[in-house]
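Peer 1: One file is attached below, run.csv, containing CSV, C-alpha atoms (C1' of nucleotides).
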chain,number,residue,atom,x,y,z
Q,28,MET,CA,72.6,74.3,85.6
Q,29,ARG,CA,73.6,75.6,82.2
Q,30,GLU,CA,76.3,73.8,80.3
Q,31,PHE,CA,78.2,76.8,79.0
Q,32,TYR,CA,78.6,80.5,79.4
Q,33,THR,CA,80.0,82.9,76.8
Q,34,ILE,CA,82.7,85.3,77.6
Q,35,THR,CA,80.4,88.3,77.5
Q,36,GLU,CA,77.9,86.7,79.8
Q,37,LEU,CA,80.6,86.4,82.4
Q,38,THR,CA,81.9,89.9,81.8
Q,39,ARG,CA,78.4,91.2,82.5
Q,40,GLU,CA,77.8,89.0,85.5
Q,41,PHE,CA,81.1,89.9,87.2
Q,42,ASP,CA,81.6,93.3,85.8
Q,43,ILE,CA,85.0,92.7,84.3
Q,44,SER,CA,86.3,93.0,80.8
Q,45,THR,CA,87.0,90.3,78.2
Q,46,ARG,CA,90.6,91.3,78.4
Q,47,THR,CA,90.7,90.5,82.0
Q,48,ILE,CA,89.2,87.0,81.5
Q,49,ARG,CA,91.6,86.3,78.6
Q,50,PHE,CA,94.4,87.6,80.7
Q,51,TYR,CA,93.6,85.1,83.5
Q,52,GLU,CA,93.6,82.3,80.8
Q,53,ASP,CA,97.0,83.5,79.6
Q,54,GLU,CA,98.2,83.3,83.2
Q,55,GLY,CA,97.0,79.7,83.5
Q,56,LEU,CA,94.4,80.5,86.1
Q,57,ILE,CA,91.5,79.3,84.0
Q,58,ARG,CA,91.1,77.0,81.0
Q,59,PRO,CA,87.8,77.2,79.2
Q,60,VAL,CA,87.1,74.7,76.4
Q,61,ARG,CA,86.8,75.8,72.8
Q,62,ARG,CA,84.4,75.5,70.0
Q,63,GLY,CA,86.6,76.5,67.0
Q,64,ARG,CA,88.4,79.5,68.5
Q,65,THR,CA,85.7,80.8,70.7
Q,66,ARG,CA,85.9,80.1,74.4
Q,67,LEU,CA,83.1,78.2,76.2
Q,68,PHE,CA,83.0,78.5,80.0
Q,69,ARG,CA,81.7,75.6,82.0
Q,70,PRO,CA,80.0,76.1,85.4
Q,71,SER,CA,83.3,75.0,87.0
Q,72,ASP,CA,85.1,77.7,85.0
Q,73,ARG,CA,82.6,80.2,86.2
Q,74,HIS,CA,83.1,79.1,89.8
Q,75,LEU,CA,86.8,79.3,89.4
Q,76,LEU,CA,86.5,82.8,88.2
Q,77,LYS,CA,84.4,83.7,91.3
Q,78,GLN,CA,87.3,82.4,93.4
Q,79,ILE,CA,89.8,84.4,91.5
Q,80,LEU,CA,87.8,87.6,92.0
Q,81,ARG,CA,87.4,86.8,95.6
Q,82,GLY,CA,91.2,86.5,95.9
Q,83,LYS,CA,91.6,89.8,94.1
Q,84,ARG,CA,89.3,91.6,96.6
Q,85,LEU,CA,91.6,90.3,99.3
Q,86,GLY,CA,94.6,91.9,97.6
Q,87,PHE,CA,96.3,88.7,96.4
Q,88,SER,CA,98.5,89.0,93.3
Q,89,ILE,CA,97.8,86.9,90.3
Q,90,ALA,CA,100.7,84.7,91.2
Q,91,GLU,CA,99.3,84.2,94.7
Q,92,ILE,CA,95.8,83.5,93.4
Q,93,ASN,CA,97.4,81.0,91.1
Q,94,GLU,CA,98.9,79.2,94.0
Q,95,ILE,CA,95.6,79.1,95.7
Q,96,VAL,CA,93.6,77.8,92.8
Q,97,GLN,CA,96.1,75.1,92.2
Q,98,MET,CA,95.3,73.8,95.6
Q,99,TYR,CA,91.7,73.4,94.7
Q,100,LYS,CA,92.7,70.6,92.3
Q,101,GLU,CA,93.0,67.0,93.3
Q,102,PRO,CA,95.5,66.4,96.0
Q,103,PRO,CA,98.7,64.8,94.8
Q,104,GLY,CA,99.2,61.0,95.2
Q,105,GLU,CA,102.7,61.1,96.7
Q,106,ALA,CA,103.2,61.6,100.4
Q,107,GLY,CA,106.0,64.1,100.1
Q,108,GLN,CA,104.0,66.2,97.7
Q,109,LEU,CA,101.0,66.0,100.0
Q,110,ARG,CA,103.0,67.2,103.0
Q,111,LEU,CA,104.4,70.1,100.8
Q,112,MET,CA,100.9,71.0,99.8
Q,113,MET,CA,99.7,70.9,103.4
Q,114,LYS,CA,102.5,73.3,104.3
Q,115,ARG,CA,101.5,75.7,101.6
Q,116,VAL,CA,97.9,75.5,102.7
Q,117,GLU,CA,98.9,76.3,106.2
Q,118,GLU,CA,100.9,79.3,105.0
Q,119,LYS,CA,97.9,80.7,103.1
Q,120,ARG,CA,95.8,80.1,106.2
Q,121,ALA,CA,98.2,82.0,108.3
Q,122,ASN,CA,98.2,84.8,105.8
Q,123,LEU,CA,94.4,84.9,105.8
Q,124,ARG,CA,94.3,84.9,109.6
Q,125,GLN,CA,96.6,87.9,109.6
Q,126,LYS,CA,94.4,89.7,107.2
Q,127,ARG,CA,91.4,88.9,109.3
Q,128,LYS,CA,93.2,90.4,112.3
Q,129,ASP,CA,94.0,93.5,110.3
Q,130,ILE,CA,90.4,93.8,109.4
Q,131,GLU,CA,89.1,93.5,112.9
Q,132,GLU,CA,91.6,96.2,114.0
Q,133,THR,CA,90.6,98.5,111.2
Q,134,LEU,CA,86.9,97.9,111.8
Q,135,GLY,CA,87.4,98.7,115.5
Q,136,GLU,CA,89.1,102.0,114.7
Q,137,LEU,CA,86.5,103.0,112.2
Q,138,ASP,CA,83.8,102.2,114.8
Q,139,ALA,CA,85.6,104.6,117.2
Q,140,ILE,CA,85.7,107.3,114.5
Q,141,ASP,CA,82.0,106.8,113.8
Q,142,GLU,CA,81.2,107.2,117.4
Q,143,SER,CA,83.2,110.4,117.8
Q,144,CYS,CA,81.4,111.7,114.8
Q,145,ILE,CA,78.1,111.0,116.4
Q,146,GLU,CA,79.2,112.7,119.5
Q,147,ARG,CA,80.4,115.7,117.6
Q,148,LEU,CA,77.1,115.8,115.8
Q,149,ALA,CA,75.2,115.8,119.0
Q,150,GLU,CA,77.2,118.7,120.3
Q,151,LEU,CA,76.4,120.6,117.2
Q,152,GLY,CA,72.8,119.8,117.6
Q,153,VAL,CA,72.7,121.2,121.0
Q,154,ASN,CA,74.5,124.4,120.0
Q,155,THR,CA,72.5,125.3,117.0
D,2,MET,CA,108.3,106.1,124.7
D,3,ARG,CA,111.1,107.4,122.4
D,4,GLU,CA,110.7,110.8,121.0
D,5,PHE,CA,112.1,110.1,117.5
D,6,TYR,CA,112.9,107.3,115.1
D,7,THR,CA,115.3,107.5,112.2
D,8,ILE,CA,114.2,106.4,108.8
D,9,THR,CA,116.5,103.4,108.9
D,10,GLU,CA,115.2,102.3,112.2
D,11,LEU,CA,111.8,102.1,110.7
D,12,THR,CA,112.9,100.3,107.6
D,13,ARG,CA,114.5,97.7,109.8
D,14,GLU,CA,111.5,97.4,112.1
D,15,PHE,CA,108.9,97.0,109.3
D,16,ASP,CA,111.2,95.5,106.7
D,17,ILE,CA,110.6,98.1,104.0
D,18,SER,CA,113.0,100.3,102.1
D,19,THR,CA,113.7,104.0,102.6
D,20,ARG,CA,112.3,104.6,99.2
D,21,THR,CA,109.0,103.2,100.3
D,22,ILE,CA,108.8,105.5,103.3
D,23,ARG,CA,109.8,108.5,101.2
D,24,PHE,CA,107.2,107.5,98.6
D,25,TYR,CA,104.5,107.5,101.3
D,26,GLU,CA,105.6,110.9,102.3
D,27,ASP,CA,105.5,112.2,98.7
D,28,GLU,CA,102.0,110.8,98.5
D,29,GLY,CA,101.0,112.8,101.6
D,30,LEU,CA,100.3,109.8,103.8
D,31,ILE,CA,102.9,110.7,106.4
D,32,ARG,CA,104.7,113.9,107.4
D,33,PRO,CA,107.7,113.4,109.6
D,34,VAL,CA,109.4,116.5,111.0
D,35,ARG,CA,112.9,117.5,109.8
D,36,ARG,CA,116.1,118.4,111.5
D,37,GLY,CA,117.9,120.1,108.6
D,38,ARG,CA,117.0,117.8,105.8
D,39,THR,CA,116.9,114.5,107.6
D,40,ARG,CA,113.5,113.1,108.6
D,41,LEU,CA,112.6,112.5,112.2
D,42,PHE,CA,109.7,110.2,112.9
D,43,ARG,CA,107.6,110.7,116.0
D,44,PRO,CA,105.8,107.8,117.6
D,45,SER,CA,102.6,109.0,115.9
D,46,ASP,CA,104.4,108.8,112.5
D,47,ARG,CA,105.5,105.3,113.4
D,48,HIS,CA,101.9,104.4,114.3
D,49,LEU,CA,100.6,105.9,111.1
D,50,LEU,CA,103.1,103.8,109.2
D,51,LYS,CA,101.8,100.7,110.9
D,52,GLN,CA,98.3,101.6,109.8
D,53,ILE,CA,99.5,102.2,106.2
D,54,LEU,CA,101.2,98.8,106.1
D,55,ARG,CA,98.1,97.2,107.6
D,56,GLY,CA,96.1,98.7,104.8
D,57,LYS,CA,98.6,97.4,102.2
D,58,ARG,CA,98.2,93.9,103.6
D,59,LEU,CA,94.5,94.2,103.0
D,60,GLY,CA,95.1,95.1,99.4
D,61,PHE,CA,94.0,98.8,99.6
D,62,SER,CA,95.6,101.1,97.1
D,63,ILE,CA,97.6,104.1,98.3
D,64,ALA,CA,94.7,106.3,97.4
D,65,GLU,CA,92.3,104.2,99.5
D,66,ILE,CA,94.8,104.1,102.4
D,67,ASN,CA,95.0,107.9,102.1
D,68,GLU,CA,91.3,108.1,102.5
D,69,ILE,CA,91.4,106.0,105.6
D,70,VAL,CA,94.2,107.8,107.3
D,71,GLN,CA,92.5,111.1,106.7
D,72,MET,CA,89.7,109.7,108.8
D,73,TYR,CA,91.9,109.1,111.7
D,74,LYS,CA,92.4,112.9,112.1
D,75,GLU,CA,90.1,115.1,114.0
D,76,PRO,CA,86.5,114.9,112.9
D,77,PRO,CA,85.4,118.1,111.0
D,78,GLY,CA,83.4,120.8,112.8
D,79,GLU,CA,80.6,121.2,110.3
D,80,ALA,CA,77.6,119.0,110.3
D,81,GLY,CA,77.5,118.4,106.5
D,82,GLN,CA,81.1,117.4,106.5
D,83,LEU,CA,80.5,115.2,109.5
D,84,ARG,CA,77.7,113.3,107.8
D,85,LEU,CA,79.8,113.0,104.6
D,86,MET,CA,82.6,111.5,106.7
D,87,MET,CA,80.3,109.1,108.4
D,88,LYS,CA,79.1,107.9,105.0
D,89,ARG,CA,82.7,107.3,103.9
D,90,VAL,CA,83.4,105.5,107.1
D,91,GLU,CA,80.4,103.3,106.6
D,92,GLU,CA,81.5,102.5,103.0
D,93,LYS,CA,84.9,101.4,104.3
D,94,ARG,CA,83.3,99.3,106.9
D,95,ALA,CA,81.1,97.6,104.3
D,96,ASN,CA,84.2,97.0,102.2
D,97,LEU,CA,86.0,95.4,105.2
D,98,ARG,CA,83.0,93.2,106.1
D,99,GLN,CA,83.0,91.9,102.5
D,100,LYS,CA,86.7,91.1,102.8
D,101,ARG,CA,86.1,89.4,106.1
D,102,LYS,CA,83.4,87.3,104.4
D,103,ASP,CA,85.8,86.5,101.6
D,104,ILE,CA,88.4,85.4,104.1
D,105,GLU,CA,86.0,83.1,106.0
D,106,GLU,CA,85.0,81.4,102.8
D,107,THR,CA,88.5,81.0,101.6
D,108,LEU,CA,89.6,79.7,105.0
D,109,GLY,CA,86.7,77.2,104.9
D,110,GLU,CA,87.8,75.9,101.6
D,111,LEU,CA,91.4,75.6,102.6
D,112,ASP,CA,90.3,73.7,105.7
D,113,ALA,CA,88.5,71.2,103.5
D,114,ILE,CA,91.6,70.9,101.3
D,115,ASP,CA,93.7,70.2,104.4
D,116,GLU,CA,91.4,67.5,105.6
D,117,SER,CA,91.3,65.8,102.2
D,118,CYS,CA,95.1,65.8,102.3
D,119,ILE,CA,95.1,64.2,105.8
D,120,GLU,CA,92.7,61.6,104.5
D,121,ARG,CA,94.8,60.9,101.5
D,122,LEU,CA,97.9,60.7,103.7
D,123,ALA,CA,96.2,58.2,105.9
D,124,GLU,CA,95.3,56.0,102.9
D,125,LEU,CA,98.9,56.1,101.8
D,126,GLY,CA,100.0,55.2,105.3
D,127,VAL,CA,97.8,52.1,105.2
D,128,ASN,CA,98.9,51.0,101.8
D,129,THR,CA,102.7,51.3,102.3
Z,4,DT,C1',139.4,120.0,110.2
Z,5,DC,C1',138.6,116.3,107.6
Z,6,DC,C1',136.7,111.9,106.6
Z,7,DA,C1',133.5,108.2,106.5
Z,8,DC,C1',129.0,107.3,106.3
Z,9,DA,C1',124.2,108.1,106.6
Z,10,DA,C1',120.5,110.5,104.4
Z,11,DT,C1',118.5,113.1,100.6
Z,12,DT,C1',117.0,114.1,95.9
Z,13,DG,C1',116.0,113.2,91.2
Z,14,DA,C1',115.9,110.5,87.3
Z,15,DC,C1',115.2,106.4,85.3
Z,16,DT,C1',113.6,101.4,85.4
Z,17,DT,C1',110.7,97.5,86.6
Z,18,DT,C1',106.7,94.7,87.6
Z,19,DT,C1',101.8,93.9,87.7
Z,20,DA,C1',97.4,93.9,85.8
Z,21,DC,C1',95.2,95.0,82.8
Z,22,DG,C1',93.5,98.9,78.7
Z,23,DT,C1',93.2,99.8,73.9
Z,24,DA,C1',93.5,99.5,69.0
Z,25,DA,C1',93.8,97.1,64.6
Z,26,DA,C1',93.2,93.3,61.8
Z,27,DT,C1',90.8,89.0,61.3
Z,28,DA,C1',87.4,85.3,62.0
Z,29,DT,C1',82.7,83.4,63.0
Z,30,DC,C1',77.8,83.1,63.1
Z,31,DG,C1',73.1,84.0,62.5
Z,32,DT,C1',70.2,87.1,59.6
Z,33,DT,C1',68.3,89.3,55.8
G,5,DA,C1',76.4,86.7,49.5
G,6,DA,C1',76.6,90.6,52.3
G,7,DC,C1',76.1,92.5,56.9
G,8,DG,C1',76.2,93.4,61.8
G,9,DA,C1',77.3,91.7,66.1
G,10,DT,C1',80.7,89.1,68.7
G,11,DA,C1',85.1,86.9,69.3
G,12,DT,C1',90.0,86.3,68.7
G,13,DT,C1',94.8,87.4,68.2
G,14,DT,C1',98.7,90.4,68.4
G,15,DA,C1',101.0,94.2,69.8
G,16,DC,C1',101.7,98.3,72.1
G,17,DG,C1',100.4,101.4,76.0
G,18,DT,C1',99.7,102.7,80.8
G,19,DA,C1',99.0,103.6,85.9
G,20,DA,C1',100.4,102.3,90.4
G,21,DA,C1',104.0,101.2,93.6
G,22,DA,C1',107.9,100.8,94.4
G,23,DG,C1',113.3,99.5,93.0
G,24,DT,C1',117.8,101.1,91.5
G,25,DC,C1',121.4,104.2,90.6
G,26,DA,C1',124.1,108.4,90.8
G,27,DA,C1',125.1,112.7,92.5
G,28,DT,C1',125.0,115.6,96.6
G,29,DT,C1',124.8,117.0,101.2
G,30,DG,C1',125.0,117.0,106.1
G,31,DT,C1',127.1,115.6,110.3
G,32,DG,C1',129.0,113.2,114.1
G,33,DG,C1',133.6,111.5,115.6
G,34,DA,C1',138.8,110.9,115.5
Turn the structure described in the file into structure tokens.
Peer 2:
Amino acid sequence: MREFYTITELTREFDISTRTIRFYEDEGLIRPVRRGRTRLFRPSDRHLLKQILRGKRLGFSIAEINEIVQMYKEPPGEAGQLRLMMKRVEEKRANLRQKRKDIEETLGELDAIDESCIERLAELGVNT
Amino acid sequence: MREFYTITELTREFDISTRTIRFYEDEGLIRPVRRGRTRLFRPSDRHLLKQILRGKRLGFSIAEINEIVQMYKEPPGEAGQLRLMMKRVEEKRANLRQKRKDIEETLGELDAIDESCIERLAELGVNT
DNA sequence: TCCACAATTGACTTTTACGTAAATATCGTT
DNA sequence: AACGATATTTACGTAAAAGTCAATTGTGGA
């Protein structure tokens, strides 16, 4: 595995702009190392970026994505903090399960539409 | 089933503002009937609103939701139009399947986090 | 009939998530 | 040392999706 990626390599791989990546850094989502001023992205940074983009596809805001990526870090050492984190994790899971349900419903409706289209097409085929 | 709902009934039921509902109307997503100037929402309007909010939870833009709700209407009568619609439907389905995959992955990672929290908590329990 | 109150309309504002432009810096060539 | 290609920083701009505010306008009840 490569040690570092440049910013443009990542923009090409994920089809996003440099502005976007720098914006995520400003927002504290990602923290590449530097050689002088230029950013160097480790494989872990690249992986984090993948997770950020995955969150975006699911319609999470930057703030929500931030909450999620914070969870990917080491669990805290204090019991109260741990319980709090577990509560947050459960909230996110509930949110995701709702989304999954929404998706199943929408997929079901689109399936129905597709079938009615096929039917309609068959009718037309008969009549022409 | 009731014949009509007022705008405030819907804002309360779905916990959104009147501004939001009117905005959706301005955008052509919904088209309540009027008595004088006041809007009256039929059950079908209410159902449509539900679908719109479902789309929002999934992170679709208003434009994308518009595309979807248009599909819920009668399928077109012309074969070319039908095929085009089926193509669009398939695109949306592919999009939803990707989201579902993203959700499964994220859920899996959150499960792992949860477990590591439980582990950590057990360790603390032993040590204190 | 008149009043209180709900609903509407229109204009302006806010927030989010970047886009864009200008000036400056770095780095490997030539 | 100059140059072209990339990067960075700073600052302002913008589109989408509402929120907010003010001025009207209906309208159902006492």
Peer 1: Counting all atoms listed in the file, collect the residues of chain Q whose closest atom lies at most 9 Å from chain G, and write them out as a ChimeraX atom specification.
Peer 2: /Q:34-35,64-66
Peer 1: Taking only C-alpha atoms into account, which of D:Arg89, D:Arg58, D:Arg47, D:Lys100 comes nearest D:Pro33?
Peer 2: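 Closest to D:Pro33, using only C-alpha atoms: D:Arg47.
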Peer 1: Select, as an NGL selection string, those residues of chain D with any atom no more than 9 Å from chain Q (distances computed using only C-alpha atoms).
Peer 2: :D and (52 or 55-61 or 69 or 72-73 or 75-80 or 83-84 or 86-87 or 90-91 or 93-94 or 97-101 or 103-105 or 107-108 or 110-112 or 114-115 or 117-119 or 121-122 or 125-126)
Peer 1: One number please: atom CA of Q:Ser71 to atom CA of Q:Asn93, in Å, one decimal.
Peer 2: 15.9 Å
Peer 1: Could you state the separation of atom CA of Q:Asp42 and atom C1' of Z:DC21 in Å, given to one decimal place?
Peer 2: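 Straight-line distance from atom CA of Q:Asp42 to atom C1' of Z:DC21 works out to 14.0 Å.
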Peer 1: Counting all atoms listed in the file, a student should be able to say which residues of chain Z come within 12 Å of chain D; what is the right answer, written as a list in words?
Peer 2: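 Residues satisfying the distance criterion: DA9, DA10, DT11 and DT12 of chain Z.
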